[in-house]
Amino acid sequence: MTDKIAKIGRLAMRHEGTNWNAYYAMPDTMEGAIPIGSITMRFVDNPERKKAFMDFMREAVSDLIEETTGHRPTWPDGPQSAPERERSGHG
């Protein structure tokens, strides 16, 4: 028997205009997503800085989830693409 992992939220990263924005969102929707951070795209052109920002935002989401549930979440390996219906443009 395998353990089921409940998804109670996710980190959603979106390139919007000149910024890269981070949101805490429910698993299947951006409706009601909470903005948690933003950075100008030119600062994350460097892969190390991009990873550092993502790690920082992941920790922020982990804090929110832990405060609510009492449990620190685990994260899958690597980023996962958003469903096509949720992908934002660069406008």
# chains A, B, ... in the order shown; residues from 1 in each chain; ligands from 1

call {"tool": "residues_around", "arguments": {"residues": "Tyr23 in chain A", "least_positions_apart": "2", "cutoff": "8 Å", "atoms": "only C-alpha atoms", "output": "PyMOL selection string"}}
result
chain A and resi 11-13+21+25+33-37

call {"tool": "residues_around", "arguments": {"residues": "range 43-53 of chain A", "least_positions_apart": "4", "cutoff": "10 Å", "atoms": "only C-alpha atoms", "output": "list of chain:residue names"}}
result
A:Asn19, A:Trp20, A:Ala22, A:Gly37, A:Ser38, A:Ile39, A:Met57, A:Arg58, A:Glu59

call {"tool": "write_last_selection", "arguments": {"atoms": "N, CA and C atoms", "output": "compact mmCIF listing (two decimals), in the first residue's frame"}}
result
# COMPACT_ATOMS: atom_id res chain seq x y z
N ASN A 19 8.40 41.46 -13.90
CA ASN A 19 8.63 40.79 -12.61
C ASN A 19 8.39 39.29 -12.69
N TRP A 20 9.00 38.61 -11.76
CA TRP A 20 8.74 37.20 -11.52
C TRP A 20 8.06 37.16 -10.17
N ALA A 22 5.77 35.34 -7.05
CA ALA A 22 5.53 34.09 -6.34
C ALA A 22 4.20 34.19 -5.60
N GLY A 37 5.85 37.15 -2.90
CA GLY A 37 7.13 37.76 -3.25
C GLY A 37 7.19 38.11 -4.71
N SER A 38 8.10 39.04 -5.02
CA SER A 38 8.28 39.47 -6.40
C SER A 38 9.71 39.93 -6.57
N ILE A 39 10.24 39.72 -7.76
CA ILE A 39 11.59 40.16 -8.07
C ILE A 39 11.63 40.56 -9.54
N MET A 57 11.23 31.51 -1.58
CA MET A 57 9.78 31.49 -1.69
C MET A 57 9.21 30.14 -1.23
N ARG A 58 9.91 29.05 -1.54
CA ARG A 58 9.48 27.72 -1.08
C ARG A 58 9.48 27.67 0.45
N GLU A 59 10.49 28.26 1.07
CA GLU A 59 10.53 28.30 2.53
C GLU A 59 9.39 29.14 3.09

call {"tool": "closest_residue", "arguments": {"among": "A:Met26, A:Met54, A:Asp63, A:Pro79", "to": "Ile8 in chain A", "atoms": "only C-alpha atoms"}}
result
A:Met26

call {"tool": "select_by_dssp", "arguments": {"residues": "range 26-62 of chain A", "states": "strand (DSSP E or B)", "output": "VMD selection string"}}
result
chain A and resid 34 to 40

call {"tool": "closest_residue", "arguments": {"among": "A:Ser81, A:Phe56, A:Val61, A:Gly9", "to": "Gly32 in chain A", "atoms": "only C-alpha atoms"}}
result
A:Gly9

call {"tool": "atom_distance", "arguments": {"atom1": "CA of Thr40 in chain A", "atom2": "CA of Asp28 in chain A"}}
result
26.3 Å

call {"tool": "atom_distance", "arguments": {"atom1": "CA of His15 in chain A", "atom2": "CA of Met41 in chain A"}}
result
7.8 Å

call {"tool": "atom_distance", "arguments": {"atom1": "CA of Ile65 in chain A", "atom2": "CA of Glu16 in chain A"}}
result
24.9 Å

call {"tool": "select_by_dssp", "arguments": {"residues": "range 15-79 of chain A", "states": "alpha helix (DSSP H)", "output": "ChimeraX atom specification"}}
result
/A:47-69

call {"tool": "decode", "arguments": {"residues": "range 6-28 of chain A", "atoms": "N, CA, C and O atoms", "output": "mmCIF file, in the first residue's frame"}}
result
data_model
loop_
_atom_site.group_PDB
_atom_site.id
_atom_site.type_symbol
_atom_site.label_atom_id
_atom_site.label_comp_id
_atom_site.auth_asym_id
_atom_site.auth_seq_id
_atom_site.Cartn_x
_atom_site.Cartn_y
_atom_site.Cartn_z
ATOM 1 N N ALA A 6 -1.373 14.485 0.544
ATOM 2 C CA ALA A 6 -2.395 15.509 0.327
ATOM 3 C C ALA A 6 -1.732 16.807 -0.094
ATOM 4 O O ALA A 6 -0.780 17.251 0.522
ATOM 5 N N LYS A 7 -2.239 17.395 -1.143
ATOM 6 C CA LYS A 7 -1.750 18.694 -1.578
ATOM 7 C C LYS A 7 -2.657 19.757 -0.980
ATOM 8 O O LYS A 7 -3.851 19.783 -1.257
ATOM 9 N N ILE A 8 -2.078 20.602 -0.144
ATOM 10 C CA ILE A 8 -2.882 21.651 0.486
ATOM 11 C C ILE A 8 -2.500 23.028 -0.029
ATOM 12 O O ILE A 8 -2.983 24.028 0.453
ATOM 13 N N GLY A 9 -1.649 23.061 -0.985
ATOM 14 C CA GLY A 9 -1.231 24.316 -1.580
ATOM 15 C C GLY A 9 0.040 24.095 -2.374
ATOM 16 O O GLY A 9 0.607 23.009 -2.376
ATOM 17 N N ARG A 10 0.445 25.151 -3.054
ATOM 18 C CA ARG A 10 1.639 25.048 -3.889
ATOM 19 C C ARG A 10 2.259 26.418 -4.054
ATOM 20 O O ARG A 10 1.621 27.443 -3.797
ATOM 21 N N LEU A 11 3.488 26.422 -4.470
ATOM 22 C CA LEU A 11 4.179 27.640 -4.845
ATOM 23 C C LEU A 11 3.994 27.812 -6.337
ATOM 24 O O LEU A 11 4.356 26.938 -7.118
ATOM 25 N N ALA A 12 3.394 28.910 -6.729
ATOM 26 C CA ALA A 12 3.200 29.205 -8.144
ATOM 27 C C ALA A 12 4.066 30.404 -8.506
ATOM 28 O O ALA A 12 3.982 31.455 -7.870
ATOM 29 N N MET A 13 4.918 30.226 -9.518
ATOM 30 C CA MET A 13 5.806 31.286 -9.987
ATOM 31 C C MET A 13 5.296 31.756 -11.344
ATOM 32 O O MET A 13 5.026 30.928 -12.219
ATOM 33 N N ARG A 14 5.166 33.082 -11.514
ATOM 34 C CA ARG A 14 4.642 33.616 -12.770
ATOM 35 C C ARG A 14 5.482 34.793 -13.245
ATOM 36 O O ARG A 14 5.770 35.701 -12.469
ATOM 37 N N HIS A 15 5.824 34.766 -14.523
ATOM 38 C CA HIS A 15 6.492 35.894 -15.168
ATOM 39 C C HIS A 15 5.393 36.833 -15.623
ATOM 40 O O HIS A 15 4.621 36.508 -16.517
ATOM 41 N N GLU A 16 5.307 37.985 -14.967
ATOM 42 C CA GLU A 16 4.261 38.959 -15.254
ATOM 43 C C GLU A 16 4.917 40.325 -15.464
ATOM 44 O O GLU A 16 5.477 40.888 -14.527
ATOM 45 N N GLY A 17 4.847 40.802 -16.694
ATOM 46 C CA GLY A 17 5.491 42.068 -17.018
ATOM 47 C C GLY A 17 7.002 41.942 -16.856
ATOM 48 O O GLY A 17 7.619 41.048 -17.418
ATOM 49 N N THR A 18 7.594 42.826 -16.063
ATOM 50 C CA THR A 18 9.046 42.775 -15.840
ATOM 51 C C THR A 18 9.402 42.059 -14.539
ATOM 52 O O THR A 18 10.557 42.047 -14.140
ATOM 53 N N ASN A 19 8.399 41.459 -13.898
ATOM 54 C CA ASN A 19 8.633 40.792 -12.612
ATOM 55 C C ASN A 19 8.389 39.295 -12.688
ATOM 56 O O ASN A 19 7.646 38.794 -13.538
ATOM 57 N N TRP A 20 9.001 38.607 -11.760
ATOM 58 C CA TRP A 20 8.739 37.196 -11.517
ATOM 59 C C TRP A 20 8.060 37.155 -10.169
ATOM 60 O O TRP A 20 8.648 37.541 -9.152
ATOM 61 N N ASN A 21 6.796 36.750 -10.140
ATOM 62 C CA ASN A 21 5.981 36.806 -8.937
ATOM 63 C C ASN A 21 5.734 35.416 -8.372
ATOM 64 O O ASN A 21 5.500 34.464 -9.116
ATOM 65 N N ALA A 22 5.770 35.343 -7.053
ATOM 66 C CA ALA A 22 5.531 34.091 -6.344
ATOM 67 C C ALA A 22 4.201 34.189 -5.600
ATOM 68 O O ALA A 22 3.903 35.209 -4.978
ATOM 69 N N TYR A 23 3.424 33.109 -5.684
ATOM 70 C CA TYR A 23 2.122 33.041 -5.022
ATOM 71 C C TYR A 23 1.991 31.725 -4.255
ATOM 72 O O TYR A 23 2.519 30.702 -4.690
ATOM 73 N N TYR A 24 1.257 31.777 -3.156
ATOM 74 C CA TYR A 24 0.783 30.557 -2.513
ATOM 75 C C TYR A 24 -0.603 30.327 -3.083
ATOM 76 O O TYR A 24 -1.482 31.180 -2.976
ATOM 77 N N ALA A 25 -0.784 29.196 -3.752
ATOM 78 C CA ALA A 25 -2.044 28.910 -4.430
ATOM 79 C C ALA A 25 -2.537 27.517 -4.069
ATOM 80 O O ALA A 25 -1.745 26.654 -3.673
ATOM 81 N N MET A 26 -3.818 27.307 -4.223
ATOM 82 C CA MET A 26 -4.387 25.978 -4.021
ATOM 83 C C MET A 26 -3.907 25.063 -5.150
ATOM 84 O O MET A 26 -3.463 25.526 -6.189
ATOM 85 N N PRO A 27 -3.998 23.746 -4.960
ATOM 86 C CA PRO A 27 -3.431 22.812 -5.938
ATOM 87 C C PRO A 27 -3.919 22.975 -7.366
ATOM 88 O O PRO A 27 -3.140 22.845 -8.294
ATOM 89 N N ASP A 28 -5.188 23.278 -7.572
ATOM 90 C CA ASP A 28 -5.728 23.263 -8.934
ATOM 91 C C ASP A 28 -6.237 24.592 -9.442
ATOM 92 O O ASP A 28 -6.938 24.643 -10.446
#
